[in-house]
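Asks: Next comes coords-v1.cif, mmCIF, N, CA and C atoms:
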```cif
data_run
loop_
_atom_site.label_atom_id
_atom_site.label_comp_id
_atom_site.auth_asym_id
_atom_site.auth_seq_id
_atom_site.Cartn_x
_atom_site.Cartn_y
_atom_site.Cartn_z
N GLN A 1 0.85 -1.19 0.00
CA GLN A 1 0.00 0.00 0.00
C GLN A 1 0.88 1.24 0.00
N VAL A 2 0.49 2.23 -0.79
CA VAL A 2 1.22 3.48 -0.88
C VAL A 2 0.26 4.63 -0.65
N GLN A 3 0.64 5.56 0.20
CA GLN A 3 -0.15 6.77 0.42
C GLN A 3 0.58 7.94 -0.23
N LEU A 4 -0.18 8.78 -0.92
CA LEU A 4 0.39 9.91 -1.64
C LEU A 4 -0.25 11.20 -1.13
N VAL A 5 0.58 12.22 -0.88
CA VAL A 5 0.08 13.50 -0.43
C VAL A 5 0.73 14.61 -1.25
N GLU A 6 -0.11 15.33 -2.02
CA GLU A 6 0.39 16.43 -2.84
C GLU A 6 0.39 17.73 -2.05
N SER A 7 1.27 18.62 -2.44
CA SER A 7 1.32 19.97 -1.87
C SER A 7 1.96 20.91 -2.88
N GLY A 8 1.82 22.22 -2.62
CA GLY A 8 2.48 23.20 -3.45
C GLY A 8 1.59 23.96 -4.41
N GLY A 9 0.32 23.58 -4.48
CA GLY A 9 -0.59 24.29 -5.37
C GLY A 9 -0.90 25.69 -4.85
N GLY A 10 -1.59 26.46 -5.68
CA GLY A 10 -1.95 27.82 -5.27
C GLY A 10 -2.40 28.65 -6.44
N LEU A 11 -2.49 29.95 -6.19
CA LEU A 11 -2.90 30.92 -7.21
C LEU A 11 -1.66 31.67 -7.70
N VAL A 12 -1.51 31.73 -9.01
CA VAL A 12 -0.35 32.38 -9.58
C VAL A 12 -0.77 33.11 -10.85
N GLN A 13 -0.08 34.18 -11.19
CA GLN A 13 -0.38 34.89 -12.43
C GLN A 13 0.24 34.18 -13.62
N ALA A 14 -0.35 34.39 -14.77
CA ALA A 14 0.19 33.82 -16.00
C ALA A 14 1.65 34.23 -16.16
N GLY A 15 2.47 33.25 -16.55
CA GLY A 15 3.90 33.48 -16.68
C GLY A 15 4.69 33.11 -15.44
N GLY A 16 3.98 32.86 -14.34
CA GLY A 16 4.63 32.53 -13.09
C GLY A 16 5.00 31.06 -12.99
N SER A 17 5.49 30.69 -11.82
CA SER A 17 5.96 29.33 -11.58
C SER A 17 5.41 28.78 -10.27
N LEU A 18 5.28 27.47 -10.23
CA LEU A 18 4.94 26.75 -9.01
C LEU A 18 5.71 25.43 -9.01
N ARG A 19 5.95 24.92 -7.82
CA ARG A 19 6.57 23.61 -7.69
C ARG A 19 5.68 22.73 -6.83
N LEU A 20 5.18 21.66 -7.43
CA LEU A 20 4.35 20.71 -6.71
C LEU A 20 5.22 19.59 -6.15
N SER A 21 4.83 19.10 -4.99
CA SER A 21 5.51 17.96 -4.39
C SER A 21 4.49 16.87 -4.10
N CYS A 22 4.94 15.64 -4.16
CA CYS A 22 4.09 14.49 -3.81
C CYS A 22 4.91 13.59 -2.89
N ALA A 23 4.60 13.64 -1.62
CA ALA A 23 5.29 12.81 -0.65
C ALA A 23 4.57 11.48 -0.51
N THR A 24 5.34 10.42 -0.47
CA THR A 24 4.73 9.09 -0.38
C THR A 24 5.16 8.38 0.89
N SER A 25 4.31 7.50 1.35
CA SER A 25 4.65 6.62 2.46
C SER A 25 4.29 5.22 2.05
N GLY A 26 4.87 4.26 2.72
CA GLY A 26 4.68 2.89 2.30
C GLY A 26 5.99 2.34 1.78
N ARG A 27 5.93 1.15 1.30
CA ARG A 27 7.17 0.47 0.94
C ARG A 27 7.55 0.66 -0.52
N ALA A 28 8.84 0.57 -0.77
CA ALA A 28 9.37 0.40 -2.13
C ALA A 28 8.95 1.52 -3.08
N PHE A 29 9.13 2.76 -2.68
CA PHE A 29 8.82 3.89 -3.56
C PHE A 29 9.57 3.75 -4.88
N SER A 30 10.80 3.29 -4.84
CA SER A 30 11.62 3.21 -6.05
C SER A 30 11.11 2.15 -7.03
N SER A 31 10.16 1.33 -6.61
CA SER A 31 9.59 0.31 -7.50
C SER A 31 8.50 0.87 -8.40
N TYR A 32 8.02 2.07 -8.09
CA TYR A 32 6.88 2.64 -8.79
C TYR A 32 7.32 3.67 -9.82
N ALA A 33 6.69 3.63 -10.99
CA ALA A 33 6.72 4.78 -11.86
C ALA A 33 5.75 5.80 -11.27
N MET A 34 6.11 7.07 -11.35
CA MET A 34 5.31 8.13 -10.75
C MET A 34 4.89 9.13 -11.82
N ALA A 35 3.72 9.68 -11.66
CA ALA A 35 3.22 10.59 -12.68
C ALA A 35 2.38 11.69 -12.07
N TRP A 36 2.22 12.75 -12.85
CA TRP A 36 1.27 13.81 -12.54
C TRP A 36 0.19 13.83 -13.63
N PHE A 37 -1.03 13.92 -13.16
CA PHE A 37 -2.18 14.12 -14.02
C PHE A 37 -2.89 15.38 -13.54
N ARG A 38 -3.81 15.90 -14.35
CA ARG A 38 -4.60 17.04 -13.91
C ARG A 38 -6.03 16.91 -14.42
N GLN A 39 -6.92 17.58 -13.72
CA GLN A 39 -8.33 17.52 -14.09
C GLN A 39 -8.96 18.89 -13.89
N ALA A 40 -9.43 19.45 -14.99
CA ALA A 40 -10.13 20.73 -14.95
C ALA A 40 -11.62 20.47 -14.80
N PRO A 41 -12.38 21.44 -14.32
CA PRO A 41 -13.82 21.24 -14.14
C PRO A 41 -14.50 20.82 -15.44
N GLY A 42 -15.29 19.75 -15.37
CA GLY A 42 -16.03 19.28 -16.52
C GLY A 42 -15.22 18.50 -17.52
N LYS A 43 -13.95 18.23 -17.20
CA LYS A 43 -13.09 17.50 -18.12
C LYS A 43 -12.57 16.23 -17.47
N GLU A 44 -12.09 15.32 -18.32
CA GLU A 44 -11.51 14.09 -17.80
C GLU A 44 -10.10 14.34 -17.27
N ARG A 45 -9.65 13.44 -16.43
CA ARG A 45 -8.29 13.52 -15.93
C ARG A 45 -7.32 13.29 -17.09
N GLU A 46 -6.33 14.17 -17.21
CA GLU A 46 -5.41 14.05 -18.33
C GLU A 46 -3.97 13.93 -17.86
N PHE A 47 -3.20 13.22 -18.65
CA PHE A 47 -1.79 12.99 -18.37
C PHE A 47 -1.00 14.27 -18.50
N VAL A 48 -0.05 14.48 -17.57
CA VAL A 48 0.84 15.63 -17.63
C VAL A 48 2.29 15.17 -17.83
N ALA A 49 2.77 14.30 -16.94
CA ALA A 49 4.17 13.87 -17.02
C ALA A 49 4.34 12.58 -16.23
N VAL A 50 5.30 11.76 -16.65
CA VAL A 50 5.62 10.51 -15.95
C VAL A 50 7.13 10.39 -15.85
N ILE A 51 7.57 9.79 -14.77
CA ILE A 51 8.99 9.52 -14.57
C ILE A 51 9.15 8.05 -14.19
N LYS A 52 10.06 7.38 -14.87
CA LYS A 52 10.27 5.96 -14.64
C LYS A 52 10.96 5.74 -13.28
N ARG A 53 11.04 4.48 -12.90
CA ARG A 53 11.59 4.13 -11.60
C ARG A 53 13.01 4.66 -11.41
N SER A 54 13.80 4.65 -12.48
CA SER A 54 15.20 5.08 -12.40
C SER A 54 15.35 6.56 -12.11
N GLY A 55 14.32 7.31 -12.44
CA GLY A 55 14.41 8.76 -12.31
C GLY A 55 15.05 9.46 -13.48
N ILE A 56 15.43 8.69 -14.49
CA ILE A 56 16.13 9.26 -15.64
C ILE A 56 15.19 9.46 -16.82
N ILE A 57 14.33 8.49 -17.07
CA ILE A 57 13.46 8.52 -18.25
C ILE A 57 12.14 9.19 -17.90
N THR A 58 11.78 10.18 -18.71
CA THR A 58 10.55 10.93 -18.48
C THR A 58 9.80 11.12 -19.80
N ARG A 59 8.52 11.46 -19.66
CA ARG A 59 7.72 11.82 -20.84
C ARG A 59 6.72 12.87 -20.40
N TYR A 60 6.41 13.77 -21.34
CA TYR A 60 5.51 14.87 -21.04
C TYR A 60 4.39 14.96 -22.08
N ALA A 61 3.27 15.49 -21.63
CA ALA A 61 2.21 15.84 -22.58
C ALA A 61 2.73 16.99 -23.45
N ASP A 62 2.28 17.03 -24.68
CA ASP A 62 2.73 18.09 -25.60
C ASP A 62 2.40 19.48 -25.05
N SER A 63 1.30 19.58 -24.33
CA SER A 63 0.85 20.88 -23.84
C SER A 63 1.76 21.48 -22.78
N VAL A 64 2.61 20.66 -22.16
CA VAL A 64 3.47 21.16 -21.09
C VAL A 64 4.95 21.01 -21.41
N LYS A 65 5.26 20.38 -22.51
CA LYS A 65 6.65 20.11 -22.87
C LYS A 65 7.43 21.43 -22.97
N GLY A 66 8.60 21.45 -22.35
CA GLY A 66 9.42 22.65 -22.36
C GLY A 66 9.11 23.63 -21.24
N ARG A 67 7.98 23.44 -20.57
CA ARG A 67 7.60 24.33 -19.46
C ARG A 67 7.61 23.61 -18.11
N PHE A 68 7.27 22.33 -18.09
CA PHE A 68 7.19 21.56 -16.86
C PHE A 68 8.34 20.56 -16.81
N THR A 69 8.79 20.27 -15.58
CA THR A 69 9.83 19.27 -15.37
C THR A 69 9.44 18.37 -14.20
N ILE A 70 9.41 17.07 -14.46
CA ILE A 70 9.14 16.10 -13.40
C ILE A 70 10.46 15.53 -12.91
N SER A 71 10.55 15.31 -11.61
CA SER A 71 11.76 14.72 -11.03
C SER A 71 11.36 13.93 -9.80
N ARG A 72 12.27 13.11 -9.33
CA ARG A 72 12.00 12.32 -8.13
C ARG A 72 13.26 12.19 -7.30
N ASP A 73 13.05 12.07 -6.00
CA ASP A 73 14.13 11.82 -5.06
C ASP A 73 13.77 10.54 -4.33
N ASN A 74 14.39 9.43 -4.74
CA ASN A 74 14.04 8.14 -4.15
C ASN A 74 14.47 8.05 -2.68
N ALA A 75 15.44 8.85 -2.28
CA ALA A 75 15.86 8.84 -0.88
C ALA A 75 14.80 9.51 0.01
N LYS A 76 14.06 10.47 -0.58
CA LYS A 76 13.03 11.19 0.18
C LYS A 76 11.64 10.68 -0.13
N ASN A 77 11.52 9.69 -1.00
CA ASN A 77 10.21 9.14 -1.38
C ASN A 77 9.27 10.24 -1.89
N THR A 78 9.81 11.12 -2.71
CA THR A 78 9.04 12.28 -3.16
C THR A 78 9.24 12.49 -4.65
N VAL A 79 8.16 12.89 -5.30
CA VAL A 79 8.22 13.27 -6.71
C VAL A 79 7.78 14.73 -6.81
N TYR A 80 8.38 15.44 -7.77
CA TYR A 80 8.14 16.87 -7.92
C TYR A 80 7.65 17.20 -9.33
N LEU A 81 6.98 18.33 -9.43
CA LEU A 81 6.63 18.87 -10.74
C LEU A 81 6.92 20.37 -10.70
N GLN A 82 7.98 20.77 -11.39
CA GLN A 82 8.31 22.18 -11.52
C GLN A 82 7.56 22.72 -12.72
N MET A 83 6.74 23.74 -12.49
CA MET A 83 5.90 24.29 -13.54
C MET A 83 6.30 25.75 -13.77
N ASN A 84 6.78 26.04 -14.96
CA ASN A 84 7.20 27.39 -15.34
C ASN A 84 6.32 27.91 -16.49
N VAL A 85 6.36 29.20 -16.66
CA VAL A 85 5.59 29.88 -17.72
C VAL A 85 4.15 29.37 -17.72
N LEU A 86 3.53 29.44 -16.57
CA LEU A 86 2.18 28.92 -16.42
C LEU A 86 1.18 29.73 -17.23
N LYS A 87 0.18 29.04 -17.73
CA LYS A 87 -0.87 29.64 -18.56
C LYS A 87 -2.22 29.41 -17.89
N PRO A 88 -3.22 30.24 -18.19
CA PRO A 88 -4.55 30.02 -17.60
C PRO A 88 -5.10 28.62 -17.90
N GLU A 89 -4.76 28.06 -19.04
CA GLU A 89 -5.26 26.72 -19.37
C GLU A 89 -4.60 25.61 -18.55
N ASP A 90 -3.60 25.96 -17.76
CA ASP A 90 -3.01 24.98 -16.83
C ASP A 90 -3.83 24.86 -15.55
N THR A 91 -4.83 25.69 -15.37
CA THR A 91 -5.67 25.65 -14.18
C THR A 91 -6.39 24.32 -14.08
N ALA A 92 -6.20 23.64 -12.94
CA ALA A 92 -6.79 22.32 -12.73
C ALA A 92 -6.42 21.84 -11.33
N VAL A 93 -7.02 20.73 -10.95
CA VAL A 93 -6.54 20.00 -9.78
C VAL A 93 -5.48 19.02 -10.27
N TYR A 94 -4.32 19.07 -9.65
CA TYR A 94 -3.21 18.21 -10.05
C TYR A 94 -3.11 17.02 -9.09
N TYR A 95 -3.02 15.84 -9.68
CA TYR A 95 -2.96 14.59 -8.92
C TYR A 95 -1.65 13.86 -9.18
N CYS A 96 -1.14 13.29 -8.14
CA CYS A 96 0.04 12.43 -8.22
C CYS A 96 -0.44 10.98 -8.25
N GLY A 97 0.17 10.16 -9.11
CA GLY A 97 -0.20 8.75 -9.20
C GLY A 97 1.03 7.87 -9.16
N ALA A 98 0.82 6.64 -8.70
CA ALA A 98 1.90 5.65 -8.62
C ALA A 98 1.42 4.37 -9.28
N THR A 99 2.32 3.75 -10.06
CA THR A 99 1.96 2.51 -10.74
C THR A 99 3.12 1.53 -10.75
N LEU A 100 2.76 0.25 -10.69
CA LEU A 100 3.74 -0.82 -10.83
C LEU A 100 3.79 -1.34 -12.26
N VAL A 101 2.89 -0.84 -13.12
CA VAL A 101 2.88 -1.26 -14.53
C VAL A 101 4.21 -0.87 -15.16
N ASP A 102 4.85 -1.82 -15.78
CA ASP A 102 6.15 -1.56 -16.41
C ASP A 102 6.33 -2.51 -17.57
N ARG A 103 6.29 -2.00 -18.77
CA ARG A 103 6.44 -2.83 -19.96
C ARG A 103 7.72 -2.49 -20.70
N GLY A 104 8.72 -2.03 -19.96
CA GLY A 104 10.02 -1.77 -20.57
C GLY A 104 10.35 -0.30 -20.64
N SER A 105 11.57 -0.01 -20.98
CA SER A 105 12.08 1.37 -20.95
C SER A 105 11.37 2.28 -21.93
N TYR A 106 10.84 1.73 -23.00
CA TYR A 106 10.23 2.57 -24.04
C TYR A 106 8.71 2.62 -23.93
N TYR A 107 8.17 2.10 -22.84
CA TYR A 107 6.74 2.18 -22.59
C TYR A 107 6.48 3.23 -21.53
N PHE A 108 5.54 4.12 -21.82
CA PHE A 108 5.25 5.20 -20.89
C PHE A 108 3.81 5.08 -20.42
N GLN A 109 3.64 5.13 -19.13
CA GLN A 109 2.34 4.92 -18.50
C GLN A 109 1.57 6.24 -18.50
N THR A 110 0.86 6.48 -19.58
CA THR A 110 0.14 7.75 -19.74
C THR A 110 -1.37 7.62 -19.56
N ASP A 111 -1.85 6.43 -19.27
CA ASP A 111 -3.29 6.20 -19.07
C ASP A 111 -3.58 6.15 -17.58
N ALA A 112 -4.51 6.96 -17.13
CA ALA A 112 -4.83 7.01 -15.71
C ALA A 112 -5.28 5.64 -15.19
N LYS A 113 -5.85 4.82 -16.05
CA LYS A 113 -6.33 3.50 -15.61
C LYS A 113 -5.19 2.59 -15.17
N GLU A 114 -3.97 2.92 -15.55
CA GLU A 114 -2.82 2.07 -15.19
C GLU A 114 -2.31 2.35 -13.78
N TYR A 115 -2.85 3.37 -13.14
CA TYR A 115 -2.31 3.79 -11.85
C TYR A 115 -3.09 3.18 -10.70
N ASN A 116 -2.33 2.61 -9.76
CA ASN A 116 -2.92 1.91 -8.63
C ASN A 116 -3.27 2.85 -7.48
N TYR A 117 -2.48 3.91 -7.33
CA TYR A 117 -2.63 4.77 -6.16
C TYR A 117 -2.65 6.23 -6.61
N TRP A 118 -3.46 7.02 -5.89
CA TRP A 118 -3.61 8.44 -6.17
C TRP A 118 -3.57 9.25 -4.88
N GLY A 119 -3.10 10.49 -5.01
CA GLY A 119 -3.23 11.42 -3.91
C GLY A 119 -4.57 12.12 -3.97
N GLN A 120 -4.78 13.06 -3.05
CA GLN A 120 -6.07 13.75 -2.94
C GLN A 120 -6.16 14.95 -3.89
N GLY A 121 -5.03 15.35 -4.45
CA GLY A 121 -5.00 16.46 -5.41
C GLY A 121 -4.67 17.78 -4.76
N THR A 122 -4.12 18.69 -5.57
CA THR A 122 -3.82 20.05 -5.13
C THR A 122 -4.24 21.01 -6.24
N GLN A 123 -4.92 22.08 -5.85
CA GLN A 123 -5.47 23.01 -6.82
C GLN A 123 -4.40 23.97 -7.33
N VAL A 124 -4.35 24.12 -8.64
CA VAL A 124 -3.49 25.13 -9.27
C VAL A 124 -4.39 26.06 -10.07
N THR A 125 -4.32 27.34 -9.79
CA THR A 125 -5.12 28.32 -10.50
C THR A 125 -4.20 29.39 -11.08
N VAL A 126 -4.31 29.58 -12.38
CA VAL A 126 -3.47 30.55 -13.07
C VAL A 126 -4.36 31.67 -13.60
N SER A 127 -4.13 32.87 -13.12
CA SER A 127 -4.94 34.02 -13.55
C SER A 127 -4.29 34.72 -14.74
N SER A 128 -5.14 35.28 -15.57
CA SER A 128 -4.64 35.96 -16.78
C SER A 128 -4.35 37.42 -16.52
#
```
Go through the file and emit its structure as structure tokens.
Replies:
Amino acid sequence: QVQLVESGGGLVQAGGSLRLSCATSGRAFSSYAMAWFRQAPGKEREFVAVIKRSGIITRYADSVKGRFTISRDNAKNTVYLQMNVLKPEDTAVYYCGATLVDRGSYYFQTDAKEYNYWGQGTQVTVSS
């Protein structure tokens, strides 16, 4: 069992930055691929970024590529999402997810259905 707790959300002006954190408890954090998803009102949960167990291989949604950076610290059992040049369309509740699904180095877990554990979410609001 893994418990996930997100933090770092808030209100920021367009062009600003935020850093989200997802602290985990439970065993074997390094065994999980970790990801960030987001959900805006009236929309489905969408993939933002994933980082493989090694912490080296990552993938991003096209909408955030070049602006967001996902990272993890396996010693601290924490995954981060650095968000720069924020836009109003980035406004959403951001969720951290953990999955044991692993089909090799070139497979990226971008489907929310593949995730076993979720945090409660943190609100990010970007004003124009």
Asks: Calculated over only C-alpha atoms, which of the candidates A:Tyr106, A:Phe29, A:Trp36, A:Tyr115 has the smallest distance to Glu6 (chain A)?
Replies: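 Comparing A:Tyr106, A:Phe29, A:Trp36, A:Tyr115 against Glu6 (chain A), the winner is A:Trp36.
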Asks: Neighbours of Val93 (chain A) within 10 Å (only C-alpha atoms; same-chain residues fewer than 4 positions away dropped), as a list in words?
Replies: Gly9, Phe37, Arg38, Gln39, Ala40, Pro41, Arg45, Gln120, Gly121, Thr122, Gln123, Val124 and Thr125 of chain A
Asks: Check the DSSP output for the backbone and give back, as a list in words, the residues of region 69-127 of chain A in strand (DSSP E or B).
Replies: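 The residues of region 69-127 of chain A classed as strand (DSSP E or B) are Thr69, Ile70, Ser71, Arg72, Asp73, Thr78, Val79, Tyr80, Leu81, Gln82, Met83, Ala92, Val93, Tyr94, Tyr95, Cys96, Gly97, Ala98, Thr99, Tyr117, Trp118, Thr122, Gln123, Val124, Thr125, Val126 and Ser127 of chain A.
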Asks: Name all residues at most 6.5 Å from Met83 (chain A) (count all atoms listed in the file; drop same-chain ones fewer than 5 positions away) and give them as an MDAnalysis selection string.
Replies: chainID A and resid 16:20 67:69
Asks: Here's a test: counting only C-alpha atoms, identify every protein, DNA and RNA residue with an atom at most 6 Å from (1.1, 1.5, 0.1) in the file's coordinate frame, and state them as a PyMOL selection string.
Replies: chain A and resi 1-3+26
Asks: Mind giving me the straight-line distance from CA of Ile56 (chain A) to atom C of Gly8 (chain A) in Å, one decimal?
Replies: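 If I compute the distance from CA of Ile56 (chain A) to atom C of Gly8 (chain A), I get 23.5 Å.
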Asks: Determine, counting only N, CA and C atoms, which protein, DNA and RNA residues have an atom within 7 Å of an atom of region 51-54 of chain A; residues of the same chain fewer than 5 positions away are not included. Present the result as JSON, numbers by chain.
Replies: {"A": [30, 31, 32, 33, 34, 35, 36, 59, 70, 71]}
Asks: What is the atom N of Val79 (chain A)-atom C of Ser127 (chain A) distance in Å, reported with one decimal?
Replies: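 Atom C of Ser127 (chain A) lies 26.8 Å from atom N of Val79 (chain A).
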Asks: For each of A:Ala112, A:Tyr80, A:Val126, A:Pro88, take the minimum atom-to-atom distance to Phe47 (chain A), counting all atoms listed in the file, then give the residue where this is smallest.
Replies: A:Ala112
